[in-house]
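Trainee: Pasting data.cif below, which is mmCIF, N, CA, C and O atoms.
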data_entry
#
loop_
_atom_site.label_atom_id
_atom_site.label_comp_id
_atom_site.auth_asym_id
_atom_site.auth_seq_id
_atom_site.Cartn_x
_atom_site.Cartn_y
_atom_site.Cartn_z
N MET A 1 76.57 25.40 -25.00
CA MET A 1 75.96 24.32 -25.78
C MET A 1 76.11 24.63 -27.25
O MET A 1 75.97 25.77 -27.67
N GLU A 2 76.34 23.57 -27.96
CA GLU A 2 76.46 23.72 -29.41
C GLU A 2 75.08 23.68 -30.05
O GLU A 2 74.10 23.23 -29.45
N ARG A 3 75.05 24.11 -31.27
CA ARG A 3 73.80 24.16 -32.01
C ARG A 3 73.21 22.77 -32.22
O ARG A 3 72.00 22.57 -32.14
N SER A 4 74.02 21.76 -32.49
CA SER A 4 73.52 20.40 -32.72
C SER A 4 72.89 19.82 -31.46
O SER A 4 71.93 19.05 -31.52
N ASP A 5 73.46 20.18 -30.28
CA ASP A 5 72.87 19.70 -29.03
C ASP A 5 71.48 20.31 -28.80
O ASP A 5 70.56 19.63 -28.35
N ILE A 6 71.33 21.56 -29.15
CA ILE A 6 70.03 22.22 -29.00
C ILE A 6 69.00 21.60 -29.96
O ILE A 6 67.86 21.34 -29.58
N LEU A 7 69.41 21.32 -31.19
CA LEU A 7 68.50 20.71 -32.17
C LEU A 7 68.12 19.30 -31.74
O LEU A 7 66.96 18.88 -31.87
N ARG A 8 69.07 18.55 -31.21
CA ARG A 8 68.80 17.19 -30.75
C ARG A 8 67.81 17.23 -29.57
O ARG A 8 66.86 16.43 -29.53
N ALA A 9 68.00 18.11 -28.63
CA ALA A 9 67.10 18.23 -27.49
C ALA A 9 65.70 18.66 -27.96
O ALA A 9 64.68 18.15 -27.48
N GLY A 10 65.63 19.57 -28.91
CA GLY A 10 64.34 20.01 -29.46
C GLY A 10 63.62 18.87 -30.16
O GLY A 10 62.40 18.71 -30.02
N ALA A 11 64.36 18.05 -30.91
CA ALA A 11 63.75 16.91 -31.60
C ALA A 11 63.22 15.90 -30.60
O ALA A 11 62.12 15.34 -30.78
N MET A 12 63.95 15.66 -29.52
CA MET A 12 63.48 14.72 -28.50
C MET A 12 62.23 15.25 -27.81
O MET A 12 61.31 14.49 -27.51
N ILE A 13 62.17 16.54 -27.57
CA ILE A 13 60.98 17.13 -26.94
C ILE A 13 59.78 17.01 -27.87
O ILE A 13 58.67 16.66 -27.44
N ILE A 14 59.97 17.25 -29.16
CA ILE A 14 58.88 17.14 -30.13
C ILE A 14 58.37 15.71 -30.20
O ILE A 14 57.16 15.46 -30.20
N VAL A 15 59.27 14.73 -30.25
CA VAL A 15 58.87 13.32 -30.29
C VAL A 15 58.12 12.95 -29.02
O VAL A 15 57.10 12.25 -29.06
N PHE A 16 58.58 13.43 -27.87
CA PHE A 16 57.91 13.15 -26.61
C PHE A 16 56.51 13.75 -26.57
O PHE A 16 55.56 13.10 -26.12
N VAL A 17 56.35 14.96 -27.07
CA VAL A 17 55.03 15.61 -27.10
C VAL A 17 54.09 14.85 -28.04
O VAL A 17 52.91 14.64 -27.72
N ILE A 18 54.60 14.41 -29.17
CA ILE A 18 53.77 13.63 -30.11
C ILE A 18 53.34 12.32 -29.45
O ILE A 18 52.20 11.89 -29.57
N PHE A 19 54.25 11.67 -28.74
CA PHE A 19 53.94 10.42 -28.05
C PHE A 19 52.86 10.64 -27.00
O PHE A 19 51.89 9.87 -26.91
N LEU A 20 52.98 11.68 -26.19
CA LEU A 20 51.96 11.98 -25.18
C LEU A 20 50.61 12.32 -25.81
O LEU A 20 49.56 11.91 -25.32
N GLY A 21 50.64 13.06 -26.91
CA GLY A 21 49.39 13.38 -27.61
C GLY A 21 48.71 12.13 -28.15
O GLY A 21 47.49 11.99 -28.09
N THR A 22 49.50 11.21 -28.67
CA THR A 22 48.94 9.96 -29.18
C THR A 22 48.31 9.15 -28.06
O THR A 22 47.21 8.60 -28.22
N LEU A 23 48.99 9.04 -26.94
CA LEU A 23 48.41 8.33 -25.79
C LEU A 23 47.12 8.98 -25.32
O LEU A 23 46.15 8.29 -24.97
N HIS A 24 47.07 10.29 -25.32
CA HIS A 24 45.85 10.99 -24.91
C HIS A 24 44.69 10.68 -25.84
O HIS A 24 43.57 10.43 -25.39
N VAL A 25 44.94 10.69 -27.14
CA VAL A 25 43.88 10.40 -28.12
C VAL A 25 43.40 8.96 -27.99
O VAL A 25 42.20 8.68 -28.06
N ILE A 26 44.32 8.05 -27.78
CA ILE A 26 43.94 6.63 -27.67
C ILE A 26 43.07 6.39 -26.45
O ILE A 26 42.07 5.67 -26.51
N HIS A 27 43.40 6.99 -25.33
CA HIS A 27 42.70 6.74 -24.08
C HIS A 27 41.59 7.74 -23.78
O HIS A 27 40.98 7.68 -22.71
N ARG A 28 41.29 8.62 -24.69
CA ARG A 28 40.29 9.66 -24.46
C ARG A 28 38.90 9.07 -24.32
O ARG A 28 38.12 9.46 -23.49
N ARG A 29 38.52 8.09 -25.15
CA ARG A 29 37.20 7.47 -25.10
C ARG A 29 37.33 5.99 -25.40
O ARG A 29 38.25 5.57 -26.10
N PRO A 30 36.41 5.20 -24.93
CA PRO A 30 36.48 3.76 -25.19
C PRO A 30 36.22 3.47 -26.66
O PRO A 30 35.49 4.21 -27.34
N ALA A 31 36.81 2.41 -27.13
CA ALA A 31 36.63 2.03 -28.53
C ALA A 31 35.19 1.60 -28.75
O ALA A 31 34.59 0.89 -27.94
N GLU A 32 34.62 2.01 -29.88
CA GLU A 32 33.25 1.64 -30.21
C GLU A 32 33.24 0.23 -30.78
O GLU A 32 34.11 -0.14 -31.57
N GLN A 33 32.26 -0.53 -30.37
CA GLN A 33 32.13 -1.89 -30.87
C GLN A 33 31.44 -1.85 -32.23
O GLN A 33 30.40 -1.22 -32.38
N PRO A 34 32.01 -2.51 -33.24
CA PRO A 34 31.35 -2.51 -34.55
C PRO A 34 30.05 -3.31 -34.50
O PRO A 34 29.97 -4.35 -33.85
N VAL A 35 29.05 -2.78 -35.17
CA VAL A 35 27.75 -3.44 -35.22
C VAL A 35 27.74 -4.32 -36.47
O VAL A 35 28.02 -3.88 -37.57
N SER A 36 27.42 -5.58 -36.26
CA SER A 36 27.45 -6.54 -37.37
C SER A 36 26.05 -7.11 -37.58
O SER A 36 25.31 -7.33 -36.63
N ASP A 37 25.72 -7.36 -38.85
CA ASP A 37 24.45 -8.01 -39.17
C ASP A 37 24.54 -9.51 -39.01
O ASP A 37 23.53 -10.20 -38.99
N ALA A 38 25.75 -10.04 -38.94
CA ALA A 38 25.94 -11.48 -38.80
C ALA A 38 25.51 -11.92 -37.41
O ALA A 38 25.72 -11.22 -36.43
N PRO A 39 24.92 -13.10 -37.31
CA PRO A 39 24.53 -13.57 -35.98
C PRO A 39 25.76 -13.86 -35.14
O PRO A 39 26.82 -14.20 -35.64
N SER A 40 25.59 -13.70 -33.86
CA SER A 40 26.70 -13.92 -32.93
C SER A 40 27.08 -15.39 -32.91
O SER A 40 26.23 -16.28 -33.04
N ALA A 41 28.36 -15.66 -32.75
CA ALA A 41 28.83 -17.05 -32.72
C ALA A 41 28.37 -17.75 -31.45
O ALA A 41 28.32 -18.97 -31.41
N SER A 42 28.03 -17.01 -30.43
CA SER A 42 27.65 -17.64 -29.17
C SER A 42 26.17 -18.01 -29.13
O SER A 42 25.75 -18.71 -28.23
N THR A 43 25.36 -17.53 -30.08
CA THR A 43 23.95 -17.88 -30.08
C THR A 43 23.80 -19.28 -30.65
O THR A 43 24.18 -19.54 -31.79
N PRO A 44 23.23 -20.18 -29.88
CA PRO A 44 23.06 -21.55 -30.39
C PRO A 44 21.95 -21.60 -31.42
O PRO A 44 20.97 -20.87 -31.36
N ASP A 45 22.12 -22.45 -32.40
CA ASP A 45 21.07 -22.69 -33.36
C ASP A 45 20.86 -24.19 -33.46
O ASP A 45 21.55 -24.98 -32.84
N ASP A 46 19.88 -24.60 -34.26
CA ASP A 46 19.57 -26.02 -34.33
C ASP A 46 20.69 -26.82 -34.98
O ASP A 46 20.91 -27.97 -34.64
N LEU A 47 21.47 -26.20 -35.90
CA LEU A 47 22.58 -26.92 -36.51
C LEU A 47 23.66 -27.19 -35.47
O LEU A 47 24.22 -28.28 -35.42
N SER A 48 23.93 -26.23 -34.61
CA SER A 48 24.93 -26.43 -33.56
C SER A 48 24.50 -27.52 -32.60
O SER A 48 25.32 -28.34 -32.16
N ALA A 49 23.23 -27.54 -32.28
CA ALA A 49 22.72 -28.58 -31.38
C ALA A 49 22.87 -29.96 -32.02
O ALA A 49 23.25 -30.93 -31.36
N GLU A 50 22.57 -30.05 -33.31
CA GLU A 50 22.71 -31.32 -34.01
C GLU A 50 24.17 -31.74 -34.10
O GLU A 50 24.50 -32.92 -33.98
N LEU A 51 25.08 -30.78 -34.31
CA LEU A 51 26.51 -31.10 -34.36
C LEU A 51 26.97 -31.66 -33.01
O LEU A 51 27.74 -32.62 -32.97
N LEU A 52 26.51 -31.06 -31.92
CA LEU A 52 26.87 -31.57 -30.60
C LEU A 52 26.33 -32.97 -30.38
O LEU A 52 27.02 -33.84 -29.84
N ARG A 53 25.10 -33.21 -30.80
CA ARG A 53 24.50 -34.53 -30.64
C ARG A 53 25.27 -35.57 -31.43
O ARG A 53 25.58 -36.65 -30.93
N CYS A 54 25.64 -35.23 -32.66
CA CYS A 54 26.39 -36.17 -33.50
C CYS A 54 27.80 -36.40 -32.97
O CYS A 54 28.33 -37.51 -33.08
N ALA A 55 28.40 -35.37 -32.38
CA ALA A 55 29.74 -35.54 -31.82
C ALA A 55 29.72 -36.45 -30.60
O ALA A 55 30.69 -37.16 -30.33
N GLU A 56 28.62 -36.45 -29.87
CA GLU A 56 28.50 -37.29 -28.68
C GLU A 56 28.21 -38.74 -29.03
O GLU A 56 28.37 -39.61 -28.18
N LEU A 57 27.79 -39.03 -30.26
CA LEU A 57 27.45 -40.40 -30.63
C LEU A 57 28.67 -41.31 -30.62
O LEU A 57 28.57 -42.47 -30.27
N GLY A 58 29.80 -40.78 -31.00
CA GLY A 58 31.01 -41.59 -31.00
C GLY A 58 31.27 -42.22 -32.36
O GLY A 58 30.47 -42.11 -33.30
N PRO A 59 32.40 -42.91 -32.49
CA PRO A 59 32.78 -43.46 -33.80
C PRO A 59 31.88 -44.58 -34.28
O PRO A 59 31.76 -44.81 -35.48
N GLN A 60 31.21 -45.32 -33.38
CA GLN A 60 30.36 -46.43 -33.82
C GLN A 60 29.15 -45.94 -34.59
O GLN A 60 28.60 -46.67 -35.41
N ASP A 61 28.72 -44.71 -34.35
CA ASP A 61 27.55 -44.16 -35.04
C ASP A 61 27.93 -43.14 -36.10
O ASP A 61 27.11 -42.32 -36.51
N ALA A 62 29.16 -43.19 -36.58
CA ALA A 62 29.62 -42.21 -37.57
C ALA A 62 28.93 -42.38 -38.91
O ALA A 62 28.93 -41.48 -39.73
N GLU A 63 28.37 -43.54 -39.14
CA GLU A 63 27.70 -43.79 -40.43
C GLU A 63 26.24 -43.37 -40.43
O GLU A 63 25.52 -43.65 -41.39
N ASP A 64 25.80 -42.70 -39.40
CA ASP A 64 24.43 -42.24 -39.31
C ASP A 64 24.15 -41.25 -40.45
O ASP A 64 24.84 -40.23 -40.57
N PRO A 65 23.18 -41.52 -41.32
CA PRO A 65 22.94 -40.62 -42.46
C PRO A 65 22.54 -39.21 -42.04
O PRO A 65 22.90 -38.24 -42.70
N HIS A 66 21.81 -39.10 -40.95
CA HIS A 66 21.41 -37.76 -40.48
C HIS A 66 22.64 -36.96 -40.06
O HIS A 66 22.78 -35.79 -40.40
N CYS A 67 23.56 -37.61 -39.35
CA CYS A 67 24.77 -36.92 -38.90
C CYS A 67 25.66 -36.56 -40.09
O CYS A 67 26.28 -35.49 -40.11
N GLN A 68 25.72 -37.41 -41.09
CA GLN A 68 26.51 -37.08 -42.28
C GLN A 68 25.93 -35.85 -42.97
O GLN A 68 26.68 -34.99 -43.45
N ALA A 69 24.61 -35.74 -43.03
CA ALA A 69 23.98 -34.56 -43.64
C ALA A 69 24.26 -33.31 -42.81
O ALA A 69 24.51 -32.23 -43.36
N VAL A 70 24.26 -33.45 -41.48
CA VAL A 70 24.54 -32.30 -40.61
C VAL A 70 25.98 -31.84 -40.80
O VAL A 70 26.25 -30.64 -40.90
N TRP A 71 26.93 -32.78 -40.86
CA TRP A 71 28.33 -32.40 -41.07
C TRP A 71 28.53 -31.76 -42.44
O TRP A 71 29.30 -30.82 -42.60
N LYS A 72 27.81 -32.26 -43.45
CA LYS A 72 27.91 -31.67 -44.79
C LYS A 72 27.39 -30.23 -44.77
O LYS A 72 27.99 -29.32 -45.36
N GLU A 73 26.29 -30.00 -44.07
CA GLU A 73 25.73 -28.66 -43.97
C GLU A 73 26.67 -27.73 -43.20
O GLU A 73 26.85 -26.56 -43.56
N ASN A 74 27.34 -28.26 -42.19
CA ASN A 74 28.31 -27.47 -41.43
C ASN A 74 29.49 -27.07 -42.30
O ASN A 74 29.97 -25.95 -42.24
N ARG A 75 29.97 -27.98 -43.13
CA ARG A 75 31.07 -27.65 -44.04
C ARG A 75 30.64 -26.58 -45.03
O ARG A 75 31.40 -25.66 -45.34
N ALA A 76 29.41 -26.67 -45.52
CA ALA A 76 28.91 -25.66 -46.46
C ALA A 76 28.86 -24.30 -45.79
O ALA A 76 29.24 -23.29 -46.38
N ARG A 77 28.42 -24.25 -44.54
CA ARG A 77 28.36 -22.97 -43.82
C ARG A 77 29.76 -22.44 -43.56
O ARG A 77 30.00 -21.25 -43.67
N PHE A 78 30.71 -23.33 -43.24
CA PHE A 78 32.08 -22.90 -42.97
C PHE A 78 32.71 -22.27 -44.20
O PHE A 78 33.42 -21.28 -44.11
N PHE A 79 32.46 -22.81 -45.38
CA PHE A 79 33.07 -22.31 -46.60
C PHE A 79 32.30 -21.16 -47.23
O PHE A 79 32.56 -20.77 -48.35
N GLY A 80 31.32 -20.61 -46.51
CA GLY A 80 30.67 -19.39 -46.96
C GLY A 80 29.40 -19.58 -47.77
O GLY A 80 28.75 -18.62 -48.12
N ARG A 81 29.06 -20.80 -48.07
CA ARG A 81 27.80 -21.01 -48.78
C ARG A 81 26.68 -21.02 -47.76
O ARG A 81 26.91 -21.27 -46.58
N PRO A 82 25.46 -20.73 -48.20
CA PRO A 82 24.36 -20.76 -47.24
C PRO A 82 24.22 -22.15 -46.63
O PRO A 82 24.37 -23.16 -47.33
N ALA A 83 23.97 -22.21 -45.35
CA ALA A 83 23.89 -23.49 -44.66
C ALA A 83 22.71 -24.31 -45.18
O ALA A 83 22.82 -25.51 -45.37
N ARG A 84 21.63 -23.65 -45.40
CA ARG A 84 20.45 -24.35 -45.93
C ARG A 84 20.07 -23.69 -47.24
O ARG A 84 20.18 -22.48 -47.39
N PRO A 85 19.64 -24.49 -48.21
CA PRO A 85 19.27 -23.87 -49.48
C PRO A 85 18.13 -22.89 -49.30
O PRO A 85 17.19 -23.15 -48.57
N ARG A 86 18.26 -21.78 -49.95
CA ARG A 86 17.22 -20.76 -49.86
C ARG A 86 16.07 -21.13 -50.79
O ARG A 86 16.26 -21.76 -51.83
N LEU A 87 14.90 -20.70 -50.39
CA LEU A 87 13.73 -20.95 -51.23
C LEU A 87 13.82 -20.08 -52.48
O LEU A 87 14.26 -18.94 -52.42
N PRO A 88 13.40 -20.61 -53.63
CA PRO A 88 13.46 -19.79 -54.84
C PRO A 88 12.54 -18.59 -54.72
O PRO A 88 11.44 -18.68 -54.19
N GLN A 89 13.02 -17.47 -55.20
CA GLN A 89 12.24 -16.25 -55.14
C GLN A 89 11.19 -16.27 -56.24
O GLN A 89 11.46 -16.66 -57.38
N ALA A 90 10.00 -15.85 -55.91
CA ALA A 90 8.92 -15.81 -56.88
C ALA A 90 9.16 -14.67 -57.86
O ALA A 90 9.53 -13.56 -57.47
N ALA A 91 8.98 -14.96 -59.14
CA ALA A 91 9.15 -13.93 -60.17
C ALA A 91 7.96 -12.98 -60.10
O ALA A 91 6.85 -13.37 -59.77
N PRO A 92 8.17 -11.71 -60.42
CA PRO A 92 7.05 -10.77 -60.40
C PRO A 92 6.02 -11.15 -61.46
O PRO A 92 6.36 -11.64 -62.53
N ALA A 93 4.77 -10.96 -61.09
CA ALA A 93 3.69 -11.32 -62.01
C ALA A 93 3.64 -10.34 -63.18
O ALA A 93 3.50 -9.14 -62.98
N THR A 94 3.80 -10.85 -64.37
CA THR A 94 3.69 -10.03 -65.59
C THR A 94 2.78 -10.73 -66.56
O THR A 94 2.60 -11.95 -66.51
N GLN A 95 2.22 -9.97 -67.47
CA GLN A 95 1.35 -10.56 -68.47
C GLN A 95 2.22 -11.19 -69.55
O GLN A 95 3.23 -10.62 -69.96
N PRO A 96 1.85 -12.38 -70.00
CA PRO A 96 2.65 -13.02 -71.04
C PRO A 96 2.53 -12.24 -72.34
O PRO A 96 1.47 -11.74 -72.69
N MET A 97 3.63 -12.13 -73.02
CA MET A 97 3.63 -11.40 -74.28
C MET A 97 3.41 -12.41 -75.41
O MET A 97 4.10 -13.41 -75.51
N THR A 98 2.43 -12.15 -76.23
CA THR A 98 2.16 -13.01 -77.37
C THR A 98 2.41 -12.20 -78.63
O THR A 98 2.15 -10.99 -78.68
N SER A 99 2.93 -12.86 -79.59
CA SER A 99 3.18 -12.15 -80.85
C SER A 99 2.00 -12.35 -81.78
O SER A 99 1.47 -13.45 -81.93
N VAL A 100 1.60 -11.27 -82.37
CA VAL A 100 0.49 -11.30 -83.31
C VAL A 100 1.08 -11.07 -84.70
O VAL A 100 1.78 -10.08 -84.92
N PRO A 101 0.87 -12.02 -85.62
CA PRO A 101 1.41 -11.81 -86.97
C PRO A 101 0.85 -10.53 -87.59
O PRO A 101 -0.27 -10.12 -87.30
N LYS A 102 1.66 -9.93 -88.44
CA LYS A 102 1.24 -8.69 -89.08
C LYS A 102 0.05 -8.94 -89.97
O LYS A 102 -0.05 -9.94 -90.65
N GLY A 103 -0.83 -8.03 -89.95
CA GLY A 103 -2.00 -8.11 -90.79
C GLY A 103 -3.20 -8.68 -90.06
O GLY A 103 -4.31 -8.60 -90.55
N GLU A 104 -3.02 -9.31 -88.91
CA GLU A 104 -4.12 -9.88 -88.15
C GLU A 104 -4.43 -8.97 -86.96
O GLU A 104 -3.55 -8.35 -86.42
N LYS A 105 -5.67 -8.96 -86.59
CA LYS A 105 -6.07 -8.18 -85.43
C LYS A 105 -6.21 -9.11 -84.23
O LYS A 105 -6.70 -10.20 -84.39
N PRO A 106 -5.82 -8.64 -83.10
CA PRO A 106 -5.92 -9.51 -81.91
C PRO A 106 -7.32 -9.77 -81.46
O PRO A 106 -8.28 -9.30 -81.68
#
Represent the structure from my file as structure tokens, please.

Mentor:
Amino acid sequence: MERSDILRAGAMIIVFVIFLGTLHVIHRRPAEQPVSDAPSASTPDDLSAELLRCAELGPQDAEDPHCQAVWKENRARFFGRPARPRLPQAAPATQPMTSVPKGEKP
């Protein structure tokens, strides 16, 4: 055997061992499921129920103002904006600052 044949056989053995090692690592344990804070898509909510109700109405009731508002809210949720407006957060209670002119006592 020539030297190039021995090197070629050695390279094939190394590639085969790497391939087997990779398969072993992949199948060693099951993949962990990522934990998400986002609600599951399969959990029904009241918006989904309203969307189903409006979809069942048909084209004759497409002008229903309630259904138009529901579809608008669904579009807002799809594009990443909050589906419903959040309540304004209350500012922390602080004492009002009053300015006292110089020379006067409070």

Trainee: Atom C of Gln68 of chain A and atom CA of Ala55 of chain A are how many Å apart?

Mentor: 11.8 Å

Trainee: Could the centre and edge lengths of an axis-aligned box, enclosing all atoms of segment 7-12 of chain A in the file with 5 Å extra on each side, be given in Å to one decimal as JSON?

Mentor:
{"center_x": 65.4, "center_y": 17.9, "center_z": -29.8, "size_x": 18.1, "size_y": 16.8, "size_z": 14.7}

Trainee: Atom CA of Val17 of chain A to atom CA of Glu32 of chain A: how many Å, to one decimal?

Mentor: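 Rounded to one decimal, the two atoms are 26.1 Å apart.
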
Trainee: Check the smallest atom-to-atom distance from each of A:His66, A:His24, A:Arg75, A:Arg81 to Glu50 of chain A using only N, CA, C and O atoms, then report the winner.

Mentor: A:His66

Trainee: So how far away is atom O of Leu47 of chain A from atom CA of Phe79 of chain A, in Å?

Mentor: 15.5 Å
